[in-house]
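Engineer: Encoded as structure tokens, here's the structure I'll be asking about.
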Amino acid sequence: MTAEPGCRWPVPPRDGYTVDDLFTLPGLPPHTELIDGSLVFASPQRYFHSIVIDLLVTGLRRTVPETMKIVREMTVVLDRRNGPEPDICVVRAEAVTSREQTRFAVADVLLAVEVVSPDSEARDHDTKPHKYAAAGIPHFWLVEMSGSDHHPVVRTYELDPLTKTYALTGTHRGRLKLDVPYDIDIDITAEALDAL
């Protein structure tokens, strides 16, 4: 495939890109991520992806304590070669420093949520959870579409600090009720999606 006239694809440096490049390269598409020094471009999202993020963000914000904030689609700096963009994060409130802020340090992230899309399935199932766990994010949720009514299923994970891996703590189909990282109770039925 050739680029359109006047369009130039970025040529990666020999050792790959860094997080600094992610924020300074001109003309990158929205929601570009950095994984192992490589730029990852997002494909157009399905309606399911958008509406599930809305449902979860609304539910999380309903009971979030003042010490935490809910953010969507913001870069999390794991290290100099990795800057993924989880669909949703719960971050420490003091980490929000400006309305012009573009990223969060991994130490400020308490929960990362990925809603699986066809183009990101391998990254969401394998690459990102591994990297989030290795970087010390305490909680991770993986959200997928299920059933004939295409309702969300949320798998919740908690970090084992010794092995730096995630352990499954639950599979939620109708209601997402947890007490970590704070008290959460969200209706995740197909009807709840349709009501948005």
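We name chains A, B, ... following the order of the structure tokens; residues begin at 1 in each chain, and ligands are numbered from 1 as shown.
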Which residues come within 10 Å of Gly27 of chain A, counting only C-alpha atoms, excluding same-chain residues fewer than 6 positions away, as an MDAnalysis selection string?

Structural biologist: chainID A and resid 8:10

Engineer: Take the selection from the previous step and output its residues with N, CA, C and O atoms, as a PDB file, in the first residue's frame.

Structural biologist:
```pdb
ATOM      1  N   ARG A   8       3.577  11.335   4.528  1.00  0.00           N
ATOM      2  CA  ARG A   8       4.799  10.603   4.843  1.00  0.00           C
ATOM      3  C   ARG A   8       4.577   9.784   6.103  1.00  0.00           C
ATOM      4  O   ARG A   8       4.127  10.311   7.119  1.00  0.00           O
ATOM      5  N   TRP A   9       4.882   8.507   6.018  1.00  0.00           N
ATOM      6  CA  TRP A   9       4.788   7.641   7.182  1.00  0.00           C
ATOM      7  C   TRP A   9       6.005   7.884   8.063  1.00  0.00           C
ATOM      8  O   TRP A   9       7.106   8.071   7.564  1.00  0.00           O
ATOM      9  N   PRO A  10       5.823   7.886   9.386  1.00  0.00           N
ATOM     10  CA  PRO A  10       6.986   8.082  10.258  1.00  0.00           C
ATOM     11  C   PRO A  10       7.953   6.905  10.137  1.00  0.00           C
ATOM     12  O   PRO A  10       7.535   5.759  10.064  1.00  0.00           O
TER      13      PRO A  10
END
```

Engineer: Write out as CSV a residue-level contact list of segment 30-90 of chain A versus segment 128-149 of chain A with cut-off 10 Å: for each qualifying residue the closest pair of atoms and the distance in Å to one decimal, counting only C-alpha atoms, rows sorted by chain and residue number upward.

Structural biologist:
```
residue,atom,partner,partner_atom,distance
A:Ile35,CA,A:Lys128,CA,8.7
A:Asp36,CA,A:Lys131,CA,9.9
A:Phe48,CA,A:Met145,CA,7.7
A:His49,CA,A:Met145,CA,8.9
A:Val52,CA,A:Val143,CA,8.5
A:Ile53,CA,A:Val143,CA,9.5
A:Val76,CA,A:Tyr132,CA,9.6
A:Val77,CA,A:Ala135,CA,9.6
A:Leu78,CA,A:Ala135,CA,6.2
A:Asp79,CA,A:Ala135,CA,8.3
A:Asn82,CA,A:Lys131,CA,8.6
A:Pro84,CA,A:Lys128,CA,7.7
A:Glu85,CA,A:Lys128,CA,9.6
A:Pro86,CA,A:Lys128,CA,8.7
A:Ile88,CA,A:Trp141,CA,9.4
A:Cys89,CA,A:Phe140,CA,9.2
A:Val90,CA,A:His139,CA,9.4
```

Engineer: Can you write out the residues you just picked, keeping all heavy atoms, as a compact mmCIF listing (two decimals), in the first residue's frame?

Structural biologist:
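Writing done, so here's selection-v7.txt:
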```
# COMPACT_ATOMS: atom_id res chain seq x y z
N ILE A 35 4.00 0.65 22.23
CA ILE A 35 4.21 -0.66 22.83
C ILE A 35 5.58 -1.16 22.39
O ILE A 35 5.82 -1.34 21.19
CB ILE A 35 3.11 -1.67 22.40
CG1 ILE A 35 1.71 -1.14 22.70
CG2 ILE A 35 3.35 -3.04 23.03
CD1 ILE A 35 1.32 -1.06 24.16
N ASP A 36 6.46 -1.37 23.33
CA ASP A 36 7.82 -1.85 23.05
C ASP A 36 8.53 -1.01 21.99
O ASP A 36 9.20 -1.54 21.10
CB ASP A 36 7.79 -3.33 22.62
CG ASP A 36 7.36 -4.24 23.75
OD1 ASP A 36 7.66 -3.92 24.92
OD2 ASP A 36 6.73 -5.28 23.47
N PHE A 48 -20.27 -0.91 20.35
CA PHE A 48 -20.16 -1.63 21.62
C PHE A 48 -19.03 -1.07 22.46
O PHE A 48 -19.18 -0.85 23.66
CB PHE A 48 -19.94 -3.13 21.36
CG PHE A 48 -19.69 -3.93 22.61
CD1 PHE A 48 -20.74 -4.37 23.41
CD2 PHE A 48 -18.40 -4.24 23.02
CE1 PHE A 48 -20.51 -5.09 24.57
CE2 PHE A 48 -18.16 -4.96 24.18
CZ PHE A 48 -19.22 -5.38 24.95
N HIS A 49 -17.89 -0.86 21.85
CA HIS A 49 -16.71 -0.35 22.56
C HIS A 49 -17.02 0.99 23.22
O HIS A 49 -16.75 1.19 24.41
CB HIS A 49 -15.56 -0.23 21.55
CG HIS A 49 -14.23 0.05 22.17
ND1 HIS A 49 -13.77 1.33 22.39
CD2 HIS A 49 -13.25 -0.78 22.60
CE1 HIS A 49 -12.58 1.26 22.93
NE2 HIS A 49 -12.23 0.00 23.07
N VAL A 52 -19.91 0.72 26.06
CA VAL A 52 -19.45 0.03 27.27
C VAL A 52 -18.54 0.95 28.09
O VAL A 52 -18.64 1.00 29.30
CB VAL A 52 -18.76 -1.30 26.93
CG1 VAL A 52 -17.98 -1.84 28.13
CG2 VAL A 52 -19.79 -2.32 26.48
N ILE A 53 -17.67 1.68 27.41
CA ILE A 53 -16.83 2.64 28.13
C ILE A 53 -17.72 3.66 28.83
O ILE A 53 -17.51 3.96 30.02
CB ILE A 53 -15.83 3.33 27.18
CG1 ILE A 53 -14.77 2.33 26.70
CG2 ILE A 53 -15.15 4.51 27.89
CD1 ILE A 53 -13.84 2.87 25.64
N VAL A 76 -0.76 6.03 29.72
CA VAL A 76 -0.12 5.69 30.98
C VAL A 76 1.34 5.35 30.66
O VAL A 76 1.61 4.46 29.86
CB VAL A 76 -0.80 4.48 31.66
CG1 VAL A 76 -0.03 4.04 32.89
CG2 VAL A 76 -2.24 4.82 32.02
N VAL A 77 2.26 6.08 31.26
CA VAL A 77 3.68 5.87 31.00
C VAL A 77 4.17 4.74 31.90
O VAL A 77 4.30 4.90 33.11
CB VAL A 77 4.49 7.16 31.24
CG1 VAL A 77 5.98 6.90 30.99
CG2 VAL A 77 3.98 8.28 30.35
N LEU A 78 4.43 3.58 31.27
CA LEU A 78 4.94 2.42 32.01
C LEU A 78 6.45 2.49 32.15
O LEU A 78 7.01 2.14 33.18
CB LEU A 78 4.55 1.12 31.30
CG LEU A 78 3.06 0.88 31.04
CD1 LEU A 78 2.86 -0.48 30.39
CD2 LEU A 78 2.25 0.99 32.31
N ASP A 79 7.11 2.89 31.07
CA ASP A 79 8.56 3.09 31.04
C ASP A 79 8.85 3.90 29.77
O ASP A 79 7.92 4.31 29.08
CB ASP A 79 9.32 1.75 31.08
CG ASP A 79 8.95 0.80 29.96
OD1 ASP A 79 8.82 1.24 28.79
OD2 ASP A 79 8.78 -0.40 30.23
N ASN A 82 7.17 2.32 26.58
CA ASN A 82 5.79 1.83 26.64
C ASN A 82 4.86 2.90 27.20
O ASN A 82 5.01 3.31 28.35
CB ASN A 82 5.71 0.57 27.50
CG ASN A 82 6.31 -0.63 26.81
OD1 ASN A 82 5.68 -1.21 25.93
ND2 ASN A 82 7.53 -0.98 27.17
N PRO A 84 0.96 2.78 26.75
CA PRO A 84 -0.35 2.34 26.29
C PRO A 84 -1.44 3.31 26.72
O PRO A 84 -1.22 4.17 27.58
CB PRO A 84 -0.53 0.98 26.95
CG PRO A 84 0.30 1.07 28.19
CD PRO A 84 1.46 1.97 27.85
N GLU A 85 -2.61 3.16 26.15
CA GLU A 85 -3.75 4.01 26.47
C GLU A 85 -4.93 3.13 26.86
O GLU A 85 -5.72 2.72 26.01
CB GLU A 85 -4.12 4.85 25.25
CG GLU A 85 -5.18 5.88 25.52
CD GLU A 85 -5.51 6.68 24.28
OE1 GLU A 85 -4.73 7.59 23.94
OE2 GLU A 85 -6.56 6.39 23.66
N PRO A 86 -5.03 2.78 28.16
CA PRO A 86 -6.19 1.99 28.58
C PRO A 86 -7.48 2.72 28.26
O PRO A 86 -7.52 3.94 28.20
CB PRO A 86 -6.00 1.86 30.10
CG PRO A 86 -4.56 2.17 30.34
CD PRO A 86 -4.15 3.14 29.27
N ILE A 88 -10.09 2.86 30.17
CA ILE A 88 -10.49 3.56 31.40
C ILE A 88 -9.40 3.32 32.44
O ILE A 88 -8.82 2.24 32.50
CB ILE A 88 -11.82 3.01 31.96
CG1 ILE A 88 -12.94 3.08 30.93
CG2 ILE A 88 -12.23 3.76 33.24
CD1 ILE A 88 -14.17 2.28 31.31
N CYS A 89 -9.14 4.33 33.26
CA CYS A 89 -8.25 4.17 34.42
C CYS A 89 -8.88 4.80 35.64
O CYS A 89 -9.60 5.80 35.54
CB CYS A 89 -6.91 4.87 34.18
SG CYS A 89 -5.80 4.05 33.05
N VAL A 90 -8.59 4.21 36.78
CA VAL A 90 -8.82 4.88 38.05
C VAL A 90 -7.44 5.33 38.51
O VAL A 90 -6.52 4.51 38.61
CB VAL A 90 -9.46 3.93 39.09
CG1 VAL A 90 -9.57 4.64 40.44
CG2 VAL A 90 -10.82 3.45 38.62
```

Engineer: Can you pull out every residue within 12 Å of Asp179 of chain A, counting only C-alpha atoms, but drop anything in the same chain fewer than 3 positions away, and send it as an MDAnalysis selection string?

Structural biologist: chainID A and resid 60 63:64 139 156 158 169 176 182:186

Engineer: Could those residues be written to a file, using N, CA, C and O atoms, as a PDB file, in the first residue's frame?

Structural biologist:
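The resulting out-v8.pdb:
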```pdb
ATOM      1  N   LEU A  60     -18.571   3.930  37.498  1.00  0.00           N
ATOM      2  CA  LEU A  60     -17.414   4.155  38.371  1.00  0.00           C
ATOM      3  C   LEU A  60     -17.474   5.531  39.035  1.00  0.00           C
ATOM      4  O   LEU A  60     -17.143   5.674  40.212  1.00  0.00           O
ATOM      5  N   THR A  63     -19.695   6.286  42.464  1.00  0.00           N
ATOM      6  CA  THR A  63     -19.296   5.999  43.850  1.00  0.00           C
ATOM      7  C   THR A  63     -17.814   6.263  44.127  1.00  0.00           C
ATOM      8  O   THR A  63     -17.316   5.887  45.188  1.00  0.00           O
ATOM      9  N   VAL A  64     -17.120   6.919  43.198  1.00  0.00           N
ATOM     10  CA  VAL A  64     -15.682   7.120  43.380  1.00  0.00           C
ATOM     11  C   VAL A  64     -15.409   8.039  44.572  1.00  0.00           C
ATOM     12  O   VAL A  64     -16.051   9.078  44.730  1.00  0.00           O
ATOM     13  N   HIS A 139      -4.943  -3.368  39.867  1.00  0.00           N
ATOM     14  CA  HIS A 139      -6.176  -4.002  39.387  1.00  0.00           C
ATOM     15  C   HIS A 139      -6.298  -3.845  37.876  1.00  0.00           C
ATOM     16  O   HIS A 139      -5.907  -2.815  37.313  1.00  0.00           O
ATOM     17  N   THR A 156     -12.364  -9.570  36.188  1.00  0.00           N
ATOM     18  CA  THR A 156     -11.597  -8.710  37.080  1.00  0.00           C
ATOM     19  C   THR A 156     -10.374  -9.468  37.588  1.00  0.00           C
ATOM     20  O   THR A 156     -10.441 -10.666  37.869  1.00  0.00           O
ATOM     21  N   GLU A 158      -6.581  -9.121  40.031  1.00  0.00           N
ATOM     22  CA  GLU A 158      -5.826  -8.413  41.064  1.00  0.00           C
ATOM     23  C   GLU A 158      -4.364  -8.838  40.982  1.00  0.00           C
ATOM     24  O   GLU A 158      -4.057 -10.005  40.711  1.00  0.00           O
ATOM     25  N   THR A 169     -10.119 -12.658  39.712  1.00  0.00           N
ATOM     26  CA  THR A 169     -10.899 -12.576  40.952  1.00  0.00           C
ATOM     27  C   THR A 169     -12.400 -12.711  40.699  1.00  0.00           C
ATOM     28  O   THR A 169     -13.164 -12.858  41.637  1.00  0.00           O
ATOM     29  N   LEU A 176     -21.685  -5.798  38.140  1.00  0.00           N
ATOM     30  CA  LEU A 176     -20.278  -5.681  38.513  1.00  0.00           C
ATOM     31  C   LEU A 176     -20.248  -5.105  39.915  1.00  0.00           C
ATOM     32  O   LEU A 176     -20.449  -3.907  40.105  1.00  0.00           O
ATOM     33  N   TYR A 182     -12.396   0.377  45.220  1.00  0.00           N
ATOM     34  CA  TYR A 182     -13.335   0.995  46.158  1.00  0.00           C
ATOM     35  C   TYR A 182     -14.672   0.313  45.937  1.00  0.00           C
ATOM     36  O   TYR A 182     -14.783  -0.605  45.100  1.00  0.00           O
ATOM     37  N   ASP A 183     -15.721   0.695  46.672  1.00  0.00           N
ATOM     38  CA  ASP A 183     -17.028   0.043  46.523  1.00  0.00           C
ATOM     39  C   ASP A 183     -17.650   0.410  45.181  1.00  0.00           C
ATOM     40  O   ASP A 183     -17.897   1.587  44.899  1.00  0.00           O
ATOM     41  N   ILE A 184     -17.893  -0.617  44.360  1.00  0.00           N
ATOM     42  CA  ILE A 184     -18.405  -0.442  43.001  1.00  0.00           C
ATOM     43  C   ILE A 184     -19.608  -1.349  42.823  1.00  0.00           C
ATOM     44  O   ILE A 184     -19.586  -2.519  43.228  1.00  0.00           O
ATOM     45  N   ASP A 185     -20.669  -0.815  42.212  1.00  0.00           N
ATOM     46  CA  ASP A 185     -21.858  -1.606  41.905  1.00  0.00           C
ATOM     47  C   ASP A 185     -22.445  -1.052  40.611  1.00  0.00           C
ATOM     48  O   ASP A 185     -23.058   0.022  40.606  1.00  0.00           O
ATOM     49  N   ILE A 186     -22.236  -1.774  39.504  1.00  0.00           N
ATOM     50  CA  ILE A 186     -22.654  -1.296  38.185  1.00  0.00           C
ATOM     51  C   ILE A 186     -23.491  -2.355  37.492  1.00  0.00           C
ATOM     52  O   ILE A 186     -23.080  -3.519  37.380  1.00  0.00           O
TER      53      ILE A 186
END
```

Engineer: Counting only C-alpha atoms, which of A:Asp187, A:Arg61, A:Pro118, A:Tyr166 gets nearest to Pro44 of chain A?

Structural biologist: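 Looking only at the distances to Pro44 of chain A, the closest residue turns out to be A:Pro118.
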
Engineer: Go through A:Lys69, A:Ala167, A:Val113, A:Arg81 and flag the residue nearest Ala95 of chain A, using only C-alpha atoms for the distances.

Structural biologist: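 Using only C-alpha atoms, Ala95 of chain A sits closest to A:Lys69.
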
Engineer: Name all residues at most 7 Å from Tyr17 of chain A (count only C-alpha atoms; drop same-chain ones fewer than 4 positions away) and give them as a ChimeraX atom specification.

Structural biologist: /A:12-13,21,37-38,81

Engineer: From a DSSP calculation on the backbone, collect every residue of segment 109-180 of chain A in strand (DSSP E) and output the set as number ranges by chain.

Structural biologist: A: 109-115, 139-146, 151-160, 165-172, 175-178

Engineer: Between atom CA of Thr102 of chain A and atom CA of Val57 of chain A, what is the distance in Å, rounded to a tenth?

Structural biologist: 18.5 Å

Engineer: With distances taken over only C-alpha atoms, which of A:Ser117, A:Thr171, A:Thr189, A:Thr127 is nearest to Gln45 of chain A?

Structural biologist: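 Ranked by minimum distance to Gln45 of chain A, first place goes to A:Ser117.
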
Engineer: Excluding Ala192 of chain A and any residue of its chain fewer than 4 positions from it, enumerate the residues within 12 Å of it, using only C-alpha atoms, and give them as a compact mmCIF listing (two decimals) with all heavy atoms, in the first residue's frame.

Structural biologist:
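See selection_5.txt below for the written result:
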```txt
# COMPACT_ATOMS: atom_id res chain seq x y z
N ILE A 51 -20.02 2.46 23.89
CA ILE A 51 -21.12 2.47 24.85
C ILE A 51 -20.74 1.75 26.15
O ILE A 51 -21.15 2.15 27.24
CB ILE A 51 -22.42 1.90 24.22
CG1 ILE A 51 -23.65 2.34 25.01
CG2 ILE A 51 -22.38 0.41 24.08
CD1 ILE A 51 -24.04 3.76 24.77
N VAL A 52 -19.91 0.72 26.06
CA VAL A 52 -19.45 0.03 27.27
C VAL A 52 -18.54 0.95 28.09
O VAL A 52 -18.64 1.00 29.30
CB VAL A 52 -18.76 -1.30 26.93
CG1 VAL A 52 -17.98 -1.84 28.13
CG2 VAL A 52 -19.79 -2.32 26.48
N ASP A 54 -18.73 4.19 28.15
CA ASP A 54 -19.66 5.15 28.77
C ASP A 54 -20.33 4.55 30.00
O ASP A 54 -20.43 5.19 31.05
CB ASP A 54 -20.72 5.61 27.78
CG ASP A 54 -20.19 6.55 26.72
OD1 ASP A 54 -19.09 7.11 26.90
OD2 ASP A 54 -20.89 6.73 25.69
N LEU A 55 -20.82 3.31 29.87
CA LEU A 55 -21.52 2.64 30.97
C LEU A 55 -20.60 2.48 32.18
O LEU A 55 -20.98 2.80 33.32
CB LEU A 55 -22.02 1.26 30.51
CG LEU A 55 -22.73 0.42 31.56
CD1 LEU A 55 -24.11 1.01 31.86
CD2 LEU A 55 -22.87 -1.03 31.09
N LEU A 56 -19.38 2.01 31.94
CA LEU A 56 -18.46 1.80 33.06
C LEU A 56 -17.98 3.10 33.68
O LEU A 56 -17.91 3.21 34.91
CB LEU A 56 -17.26 0.95 32.59
CG LEU A 56 -17.60 -0.49 32.21
CD1 LEU A 56 -16.36 -1.20 31.67
CD2 LEU A 56 -18.20 -1.26 33.39
N THR A 58 -19.58 5.96 33.78
CA THR A 58 -20.70 6.50 34.55
C THR A 58 -20.86 5.75 35.87
O THR A 58 -21.01 6.37 36.93
CB THR A 58 -22.01 6.41 33.73
OG1 THR A 58 -21.85 7.14 32.52
CG2 THR A 58 -23.19 6.94 34.50
N GLY A 59 -20.79 4.43 35.82
CA GLY A 59 -20.93 3.63 37.03
C GLY A 59 -19.79 3.85 38.01
O GLY A 59 -20.00 3.94 39.23
N ASP A 149 -27.33 -11.23 22.85
CA ASP A 149 -27.73 -9.83 23.06
C ASP A 149 -26.52 -8.90 23.15
O ASP A 149 -26.66 -7.71 23.40
CB ASP A 149 -28.62 -9.68 24.29
CG ASP A 149 -27.93 -10.12 25.59
OD1 ASP A 149 -26.78 -10.62 25.52
OD2 ASP A 149 -28.54 -9.97 26.65
N HIS A 150 -25.32 -9.47 22.96
CA HIS A 150 -24.08 -8.68 22.94
C HIS A 150 -23.90 -7.84 24.20
O HIS A 150 -23.58 -6.66 24.13
CB HIS A 150 -23.99 -7.81 21.69
CG HIS A 150 -23.98 -8.62 20.44
ND1 HIS A 150 -24.60 -8.22 19.30
CD2 HIS A 150 -23.45 -9.83 20.16
CE1 HIS A 150 -24.45 -9.14 18.37
NE2 HIS A 150 -23.76 -10.12 18.86
N HIS A 151 -24.10 -8.44 25.35
CA HIS A 151 -23.89 -7.75 26.61
C HIS A 151 -22.42 -7.86 27.03
O HIS A 151 -21.71 -8.76 26.56
CB HIS A 151 -24.81 -8.29 27.70
CG HIS A 151 -24.49 -9.70 28.09
ND1 HIS A 151 -24.98 -10.80 27.41
CD2 HIS A 151 -23.71 -10.20 29.09
CE1 HIS A 151 -24.52 -11.90 27.96
NE2 HIS A 151 -23.75 -11.57 28.98
N PRO A 152 -21.96 -6.97 27.90
CA PRO A 152 -20.57 -7.06 28.35
C PRO A 152 -20.36 -8.13 29.41
O PRO A 152 -21.23 -8.38 30.24
CB PRO A 152 -20.30 -5.67 28.93
CG PRO A 152 -21.61 -5.09 29.23
CD PRO A 152 -22.63 -5.76 28.35
N ARG A 173 -21.30 -10.90 34.75
CA ARG A 173 -22.13 -10.87 33.55
C ARG A 173 -23.33 -9.93 33.66
O ARG A 173 -23.72 -9.34 32.69
CB ARG A 173 -22.60 -12.28 33.21
CG ARG A 173 -21.47 -13.14 32.70
CD ARG A 173 -21.96 -14.50 32.22
NE ARG A 173 -20.91 -15.16 31.49
CZ ARG A 173 -19.91 -15.82 32.04
NH1 ARG A 173 -19.82 -15.89 33.35
NH2 ARG A 173 -19.00 -16.41 31.30
N GLY A 174 -23.95 -9.81 34.78
CA GLY A 174 -25.13 -8.96 34.91
C GLY A 174 -24.89 -7.75 35.79
O GLY A 174 -25.44 -6.68 35.58
N ARG A 175 -24.06 -7.97 36.81
CA ARG A 175 -23.78 -6.91 37.76
C ARG A 175 -22.30 -6.97 38.12
O ARG A 175 -21.76 -8.03 38.37
CB ARG A 175 -24.63 -7.09 39.02
CG ARG A 175 -24.45 -5.99 40.03
CD ARG A 175 -25.63 -5.94 41.00
NE ARG A 175 -26.36 -4.69 41.09
CZ ARG A 175 -26.98 -3.99 40.15
NH1 ARG A 175 -26.94 -4.38 38.93
NH2 ARG A 175 -27.65 -2.91 40.38
N LEU A 176 -21.68 -5.80 38.14
CA LEU A 176 -20.28 -5.68 38.51
C LEU A 176 -20.25 -5.10 39.91
O LEU A 176 -20.45 -3.91 40.11
CB LEU A 176 -19.56 -4.78 37.51
CG LEU A 176 -18.07 -4.54 37.70
CD1 LEU A 176 -17.29 -5.86 37.69
CD2 LEU A 176 -17.54 -3.63 36.61
N ILE A 186 -22.24 -1.77 39.50
CA ILE A 186 -22.65 -1.30 38.18
C ILE A 186 -23.49 -2.36 37.49
O ILE A 186 -23.08 -3.52 37.38
CB ILE A 186 -21.43 -0.95 37.30
CG1 ILE A 186 -20.50 0.04 38.00
CG2 ILE A 186 -21.89 -0.40 35.95
CD1 ILE A 186 -19.18 0.26 37.27
N ASP A 187 -24.66 -1.97 37.00
CA ASP A 187 -25.50 -2.83 36.17
C ASP A 187 -24.85 -2.92 34.79
O ASP A 187 -24.68 -1.91 34.12
CB ASP A 187 -26.91 -2.21 36.07
CG ASP A 187 -27.87 -3.04 35.25
OD1 ASP A 187 -27.46 -4.02 34.59
OD2 ASP A 187 -29.07 -2.69 35.23
N ILE A 188 -24.46 -4.14 34.38
CA ILE A 188 -23.80 -4.29 33.07
C ILE A 188 -24.62 -5.20 32.14
O ILE A 188 -24.08 -5.85 31.25
CB ILE A 188 -22.35 -4.83 33.22
CG1 ILE A 188 -22.30 -6.15 33.99
CG2 ILE A 188 -21.46 -3.78 33.88
CD1 ILE A 188 -20.96 -6.84 33.95
N LEU A 196 -28.59 3.80 27.83
CA LEU A 196 -27.70 4.96 27.70
C LEU A 196 -28.06 5.78 26.48
O LEU A 196 -28.49 5.29 25.48
CB LEU A 196 -26.25 4.51 27.62
CG LEU A 196 -25.64 4.02 28.93
CD1 LEU A 196 -24.21 3.56 28.71
CD2 LEU A 196 -25.64 5.12 29.99
```

Engineer: Hey, what does DSSP flag as helix (DSSP H, G or I) within segment 18-191 of chain A? Can you give it to me as a VMD selection string?

Structural biologist: chain A and resid 19 to 24 47 to 63 93 to 95 106 to 108 118 to 135 190 to 191

Engineer: Got a sec: who's within 8 Å of Asp108 of chain A, counting only C-alpha atoms, leaving out chain neighbours fewer than 4 positions off, as JSON, numbers by chain?

Structural biologist: {"A": [91, 92, 95, 104]}

Engineer: Include N, CA, C and O atoms and write out the residues we just selected as a compact mmCIF listing (two decimals), in the first residue's frame.

Structural biologist:
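Result file is again16.txt:
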```txt
# COMPACT_ATOMS: atom_id res chain seq x y z
N VAL A 91 -7.30 6.64 38.74
CA VAL A 91 -6.01 7.20 39.15
C VAL A 91 -6.16 7.93 40.48
O VAL A 91 -7.27 8.31 40.88
N ARG A 92 -5.04 8.13 41.14
CA ARG A 92 -5.04 8.92 42.37
C ARG A 92 -5.43 10.35 42.01
O ARG A 92 -4.95 10.92 41.04
N ALA A 95 -2.88 12.99 41.11
CA ALA A 95 -2.16 12.84 39.84
C ALA A 95 -2.76 13.72 38.74
O ALA A 95 -2.11 13.96 37.72
N PHE A 104 -0.39 9.92 32.44
CA PHE A 104 -0.28 9.62 33.87
C PHE A 104 0.89 8.68 34.08
O PHE A 104 1.15 7.81 33.25
```

Engineer: Identify which of the residues A:Lys177, A:Arg99, A:Arg80, A:Arg72 lies closest to Glu114 of chain A, counting only C-alpha atoms when measuring atom-to-atom distances.

Structural biologist: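 For Glu114 of chain A, the nearest of the given residues is A:Arg72.
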
Engineer: Taking only C-alpha atoms into account, which of A:Ser120, A:Val40, A:Arg62, A:Tyr47 comes nearest Asp194 of chain A?

Structural biologist: A:Tyr47

Engineer: In Å to one decimal, how far is atom CA of Thr24 of chain A from atom CA of Phe41 of chain A?

Structural biologist: 15.7 Å
